[in-house]
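Trainee: First the structure, then my questions, so here it is.
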Amino acid sequence: MFDACLMMNFNTSLSYPTHKLGYANVNTQKTFLYKSRSNRVLAMPPPSPFLLNTDEDGKFGSTSNDSGDSLVSLENTIGIIGGVSVDSTLKFLRKLVKLGLKDEDSIPFVLCSDPMLSKDLQLLERSSLPSLSGHKTQRVQMDPTRIVENLRSKRVFLENSGARCIVMPCHLSHCWYEEVSKGGNVPFLHMGECVAKQLKEAKLKPLEAGSEVRIGVLGTNVTLTAGFYQDKLQNEGFEVVLPDKSTTEHAVVPAMEALSRKDIEGARNLLRIALQVLLVRAVNTVILASDDMRNLLPLNDPLLKRCVDPLDALAMSTVKWAQTAETGK
């Protein structure tokens, strides 16, 4: 029994084949998402019609599939672990389908999108923002153990469902990439590695003589503290430039807090200031390691042309892997 329905329009110029998506049905024009009473959503492509739920710890229970076989048997099936929001996950799917269209067929995938996981990730991210109001507030200290176990459970499920490659289109989830991917039986693409390799292949030239190519990274405190973007970029020979303390305190953090207050224009203006400060430091491009920040800038904003969205790099790498797996090369 379903108690809610949400309808979203997709770009009708794209040729989307029909998929069975657990509680979802995607066709050439619209996507229908249904919210179950258990508040769990799982999407999967044909041929399987099975609906699955997770328990309160994010672990999967039994299914109606008694055969013991994988839900999907195609060699280029992608397993996708949803992130902080359904919206960002759907944006990644649109990128994936658009890039992967071939002879009217798209890449097969299995998607896990768990509202409880999203809630935990959002709570952790928000708890890292210091208050700028001048009032003393108690900051929530979260143990990420439950998040890691939840993500690992999703990875194991996707592998057992027939996924031959796993991706996480979520910046925050990559803070625990090593723990989640450990013991996996299939390739697990790292978003930071994908964007670093893409920039390396672009053969960028330094903007200042005698220096290395500089790449700026702008994101939330949790993501930047984890340091995985910095590590992957440095491994490819780039010099990484982060916002300095002043920019963080007077632009980045206020931008995120303005966004939490729904002050979109204020957040957008502060983000532009932070980007301009990085660009003044002779960076070739800025990685926007935050979906919230990426969504603040309109598509025609000149600053956006100087930025890189890691989801694009992850989608392109995923398609490349799937196409290679399909042809057996």
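Identifiers in the structure tokens: chain A, B, ... in order shown; residue index from 1 per chain; ligand index from 1 in order shown.
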Which residues are near Gly184 (chain A)? Cut-off 9 Å, only C-alpha atoms, ignore same chain within fewer than 6 positions. Put them as an mmCIF file with C-alpha atoms, in the first residue's frame.

Mentor:
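Saved as around-v2.cif:
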```
data_model
loop_
_atom_site.group_PDB
_atom_site.id
_atom_site.type_symbol
_atom_site.label_atom_id
_atom_site.label_comp_id
_atom_site.auth_asym_id
_atom_site.auth_seq_id
_atom_site.Cartn_x
_atom_site.Cartn_y
_atom_site.Cartn_z
ATOM 1 C CA ARG A 155 27.410 -2.232 -0.978
ATOM 2 C CA VAL A 156 27.048 -5.912 -0.059
ATOM 3 C CA GLU A 159 26.970 -6.910 -5.134
#
```

Trainee: Could you give me, as a list in words, each residue of region 61-295 of chain A that DSSP assigns to strand (DSSP E or B) when run on this structure's backbone?

Mentor: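 Residues meeting the strand (DSSP E or B) criterion: Ile78, Gly79, Ile80, Ile81, Lys102, Asp105, Phe109, Val110, Leu111, Cys112, Ser113, Cys165, Ile166, Val167, Phe188, Arg214, Ile215, Gly216, Val217, Leu218, Gly219, Glu239, Val240, Val241, Thr285, Val286, Ile287, Leu288 and Ala289 of chain A.
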
Trainee: Have a look at CA of Arg164 (chain A) and CA of Ile107 (chain A) and let me know their distance in Å, one decimal.

Mentor: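 Separation of CA of Arg164 (chain A) and CA of Ile107 (chain A): 11.9 Å.
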
Trainee: Give me, as number ranges by chain, the residues of region 99-247 of chain A that a backbone DSSP run labels helix (DSSP H, G or I).

Mentor: A: 99-100, 115-127, 145-160, 172-181, 191-201, 221-226, 228-235, 245-247

Trainee: In terms of the shortest atom-to-atom distance over only C-alpha atoms, which of A:Gly266, A:Gly192, A:Gly83, A:Gly219 is closest to Leu314 (chain A)?

Mentor: A:Gly192

Trainee: Can you pull out the residues contacting Ser290 (chain A)? Cut-off 9 Å, using only C-alpha atoms, and skip same-chain residues under 4 positions away; I want them as a PyMOL selection string.

Mentor: chain A and resi 170-172+218-220+223+294-295+309

Trainee: Just write the chosen residues, all heavy atoms, as a JSON list (two decimals), in the first residue's frame.

Mentor:
```
[["chain", "number", "residue", "atom", "x", "y", "z"],
["A", 170, "CYS", "N", 27.94, 10.82, -3.88],
["A", 170, "CYS", "CA", 27.76, 11.62, -2.66],
["A", 170, "CYS", "C", 29.13, 11.98, -2.11],
["A", 170, "CYS", "O", 29.94, 11.10, -1.82],
["A", 170, "CYS", "CB", 26.96, 10.82, -1.63],
["A", 170, "CYS", "SG", 26.79, 11.64, -0.03],
["A", 171, "HIS", "N", 29.39, 13.28, -1.98],
["A", 171, "HIS", "CA", 30.68, 13.74, -1.45],
["A", 171, "HIS", "C", 30.89, 13.24, -0.02],
["A", 171, "HIS", "O", 31.97, 12.72, 0.32],
["A", 171, "HIS", "CB", 30.74, 15.27, -1.47],
["A", 171, "HIS", "CG", 30.44, 15.88, -2.80],
["A", 171, "HIS", "ND1", 31.36, 15.92, -3.82],
["A", 171, "HIS", "CD2", 29.31, 16.47, -3.28],
["A", 171, "HIS", "CE1", 30.82, 16.51, -4.88],
["A", 171, "HIS", "NE2", 29.59, 16.85, -4.57],
["A", 172, "LEU", "N", 29.88, 13.39, 0.81],
["A", 172, "LEU", "CA", 30.02, 13.06, 2.23],
["A", 172, "LEU", "C", 30.29, 11.58, 2.45],
["A", 172, "LEU", "O", 31.12, 11.21, 3.29],
["A", 172, "LEU", "CB", 28.76, 13.51, 2.98],
["A", 172, "LEU", "CG", 28.83, 13.52, 4.51],
["A", 172, "LEU", "CD1", 30.00, 14.37, 4.98],
["A", 172, "LEU", "CD2", 27.52, 14.05, 5.08],
["A", 218, "LEU", "N", 36.34, 23.52, -2.99],
["A", 218, "LEU", "CA", 35.39, 24.23, -2.13],
["A", 218, "LEU", "C", 34.31, 23.25, -1.71],
["A", 218, "LEU", "O", 33.67, 22.62, -2.56],
["A", 218, "LEU", "CB", 34.77, 25.41, -2.89],
["A", 218, "LEU", "CG", 34.12, 26.52, -2.08],
["A", 218, "LEU", "CD1", 35.09, 27.12, -1.07],
["A", 218, "LEU", "CD2", 33.60, 27.60, -3.01],
["A", 219, "GLY", "N", 34.14, 23.09, -0.42],
["A", 219, "GLY", "CA", 33.15, 22.14, 0.08],
["A", 219, "GLY", "C", 32.85, 22.38, 1.54],
["A", 219, "GLY", "O", 33.31, 23.37, 2.13],
["A", 220, "THR", "N", 32.10, 21.48, 2.13],
["A", 220, "THR", "CA", 31.76, 21.61, 3.53],
["A", 220, "THR", "C", 32.96, 21.22, 4.39],
["A", 220, "THR", "O", 33.91, 20.59, 3.92],
["A", 220, "THR", "CB", 30.57, 20.71, 3.90],
["A", 220, "THR", "OG1", 30.93, 19.34, 3.67],
["A", 220, "THR", "CG2", 29.35, 21.06, 3.06],
["A", 223, "THR", "N", 33.79, 17.38, 4.46],
["A", 223, "THR", "CA", 34.43, 16.87, 3.26],
["A", 223, "THR", "C", 35.88, 17.32, 3.15],
["A", 223, "THR", "O", 36.78, 16.53, 2.83],
["A", 223, "THR", "CB", 33.67, 17.33, 2.01],
["A", 223, "THR", "OG1", 32.31, 16.86, 2.08],
["A", 223, "THR", "CG2", 34.30, 16.79, 0.74],
["A", 294, "ARG", "N", 26.87, 23.71, -5.54],
["A", 294, "ARG", "CA", 26.68, 23.62, -6.99],
["A", 294, "ARG", "C", 25.30, 24.12, -7.39],
["A", 294, "ARG", "O", 25.14, 24.82, -8.39],
["A", 294, "ARG", "CB", 26.89, 22.16, -7.43],
["A", 294, "ARG", "CG", 26.41, 21.85, -8.85],
["A", 294, "ARG", "CD", 27.18, 22.68, -9.88],
["A", 294, "ARG", "NE", 26.66, 22.46, -11.22],
["A", 294, "ARG", "CZ", 25.59, 23.06, -11.72],
["A", 294, "ARG", "NH1", 24.92, 23.96, -10.97],
["A", 294, "ARG", "NH2", 25.19, 22.82, -12.94],
["A", 295, "ASN", "N", 24.30, 23.79, -6.61],
["A", 295, "ASN", "CA", 22.93, 24.16, -6.96],
["A", 295, "ASN", "C", 22.64, 25.64, -6.74],
["A", 295, "ASN", "O", 21.64, 26.16, -7.25],
["A", 295, "ASN", "CB", 21.95, 23.32, -6.14],
["A", 295, "ASN", "CG", 22.02, 21.85, -6.47],
["A", 295, "ASN", "OD1", 22.43, 21.49, -7.57],
["A", 295, "ASN", "ND2", 21.62, 21.01, -5.54],
["A", 309, "ASP", "N", 32.16, 19.91, -11.55],
["A", 309, "ASP", "CA", 31.24, 19.12, -10.74],
["A", 309, "ASP", "C", 31.73, 17.68, -10.72],
["A", 309, "ASP", "O", 31.73, 17.01, -11.76],
["A", 309, "ASP", "CB", 29.83, 19.19, -11.33],
["A", 309, "ASP", "CG", 28.80, 18.47, -10.46],
["A", 309, "ASP", "OD1", 29.19, 17.83, -9.47],
["A", 309, "ASP", "OD2", 27.60, 18.55, -10.81]]
```

Trainee: Kindly give the distance, in Å, that separates CA of Leu259 (chain A) and CA of Cys307 (chain A), rounded to a single decimal.

Mentor: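 We find that CA of Leu259 (chain A) and CA of Cys307 (chain A) lie 19.7 Å from each other.
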
Trainee: In Å to one decimal, how far is CA of Leu303 (chain A) from CA of Ala258 (chain A)?

Mentor: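 Between CA of Ala258 (chain A) and CA of Leu303 (chain A) the gap works out to 19.7 Å.
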
Trainee: Name all residues at most 10 Å from His190 (chain A) (count only C-alpha atoms; drop same-chain ones fewer than 3 positions away) and give them as a list in words.

Mentor: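 Listed by chain and then number, they are Ile166, Val167, Met168, Pro169, His171, His174, Tyr177, Glu178, Ser181, Pro187, Glu193, Cys194, Val195, Phe228, Tyr229, Lys232, Leu314 and Ser317 of chain A.
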
Trainee: With N, CA and C atoms retained, write the just-selected residues as a PDB file, in the first residue's frame.

Mentor:
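New file again-v2.pdb:
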```pdb
ATOM      1  N   ILE A 166      30.385  -0.548  -8.316  1.00  0.00           N
ATOM      2  CA  ILE A 166      29.661   0.254  -7.327  1.00  0.00           C
ATOM      3  C   ILE A 166      30.096   1.707  -7.415  1.00  0.00           C
ATOM      4  N   VAL A 167      29.123   2.617  -7.275  1.00  0.00           N
ATOM      5  CA  VAL A 167      29.429   4.048  -7.217  1.00  0.00           C
ATOM      6  C   VAL A 167      28.607   4.689  -6.101  1.00  0.00           C
ATOM      7  N   MET A 168      29.158   5.761  -5.527  1.00  0.00           N
ATOM      8  CA  MET A 168      28.455   6.556  -4.519  1.00  0.00           C
ATOM      9  C   MET A 168      28.446   8.013  -4.970  1.00  0.00           C
ATOM     10  N   PRO A 169      27.389   8.486  -5.588  1.00  0.00           N
ATOM     11  CA  PRO A 169      27.335   9.886  -6.024  1.00  0.00           C
ATOM     12  C   PRO A 169      27.043  10.820  -4.858  1.00  0.00           C
ATOM     13  N   HIS A 171      29.387  13.277  -1.975  1.00  0.00           N
ATOM     14  CA  HIS A 171      30.679  13.736  -1.451  1.00  0.00           C
ATOM     15  C   HIS A 171      30.895  13.237  -0.023  1.00  0.00           C
ATOM     16  N   HIS A 174      31.919   9.618   0.736  1.00  0.00           N
ATOM     17  CA  HIS A 174      33.302   9.268   0.389  1.00  0.00           C
ATOM     18  C   HIS A 174      34.275   9.471   1.550  1.00  0.00           C
ATOM     19  N   TYR A 177      35.034   5.978   2.321  1.00  0.00           N
ATOM     20  CA  TYR A 177      35.185   5.114   1.148  1.00  0.00           C
ATOM     21  C   TYR A 177      36.011   3.872   1.472  1.00  0.00           C
ATOM     22  N   GLU A 178      37.122   4.035   2.157  1.00  0.00           N
ATOM     23  CA  GLU A 178      38.005   2.900   2.449  1.00  0.00           C
ATOM     24  C   GLU A 178      37.283   1.844   3.269  1.00  0.00           C
ATOM     25  N   SER A 181      34.354   0.204   1.041  1.00  0.00           N
ATOM     26  CA  SER A 181      34.805  -0.617  -0.090  1.00  0.00           C
ATOM     27  C   SER A 181      35.612  -1.830   0.339  1.00  0.00           C
ATOM     28  N   PRO A 187      34.700  -3.716  -8.704  1.00  0.00           N
ATOM     29  CA  PRO A 187      35.276  -2.372  -8.696  1.00  0.00           C
ATOM     30  C   PRO A 187      34.360  -1.378  -7.987  1.00  0.00           C
ATOM     31  N   GLU A 193      38.994  10.332  -7.230  1.00  0.00           N
ATOM     32  CA  GLU A 193      39.954   9.798  -8.197  1.00  0.00           C
ATOM     33  C   GLU A 193      39.483  10.043  -9.625  1.00  0.00           C
ATOM     34  N   CYS A 194      38.175   9.920  -9.833  1.00  0.00           N
ATOM     35  CA  CYS A 194      37.622  10.146 -11.179  1.00  0.00           C
ATOM     36  C   CYS A 194      37.848  11.584 -11.643  1.00  0.00           C
ATOM     37  N   VAL A 195      37.585  12.556 -10.762  1.00  0.00           N
ATOM     38  CA  VAL A 195      37.727  13.954 -11.156  1.00  0.00           C
ATOM     39  C   VAL A 195      39.202  14.318 -11.304  1.00  0.00           C
ATOM     40  N   PHE A 228      40.040  13.637   1.098  1.00  0.00           N
ATOM     41  CA  PHE A 228      40.218  12.692  -0.010  1.00  0.00           C
ATOM     42  C   PHE A 228      40.364  13.383  -1.359  1.00  0.00           C
ATOM     43  N   TYR A 229      39.721  14.536  -1.544  1.00  0.00           N
ATOM     44  CA  TYR A 229      39.929  15.265  -2.799  1.00  0.00           C
ATOM     45  C   TYR A 229      41.370  15.766  -2.889  1.00  0.00           C
ATOM     46  N   LYS A 232      43.736  12.749  -3.732  1.00  0.00           N
ATOM     47  CA  LYS A 232      43.641  12.265  -5.114  1.00  0.00           C
ATOM     48  C   LYS A 232      44.243  13.266  -6.099  1.00  0.00           C
ATOM     49  N   LEU A 314      32.349  11.409 -12.239  1.00  0.00           N
ATOM     50  CA  LEU A 314      31.942  10.072 -11.797  1.00  0.00           C
ATOM     51  C   LEU A 314      31.024   9.425 -12.827  1.00  0.00           C
ATOM     52  N   SER A 317      33.118   8.347 -15.873  1.00  0.00           N
ATOM     53  CA  SER A 317      33.929   7.175 -15.560  1.00  0.00           C
ATOM     54  C   SER A 317      33.068   5.924 -15.457  1.00  0.00           C
TER      55      SER A 317
END
```
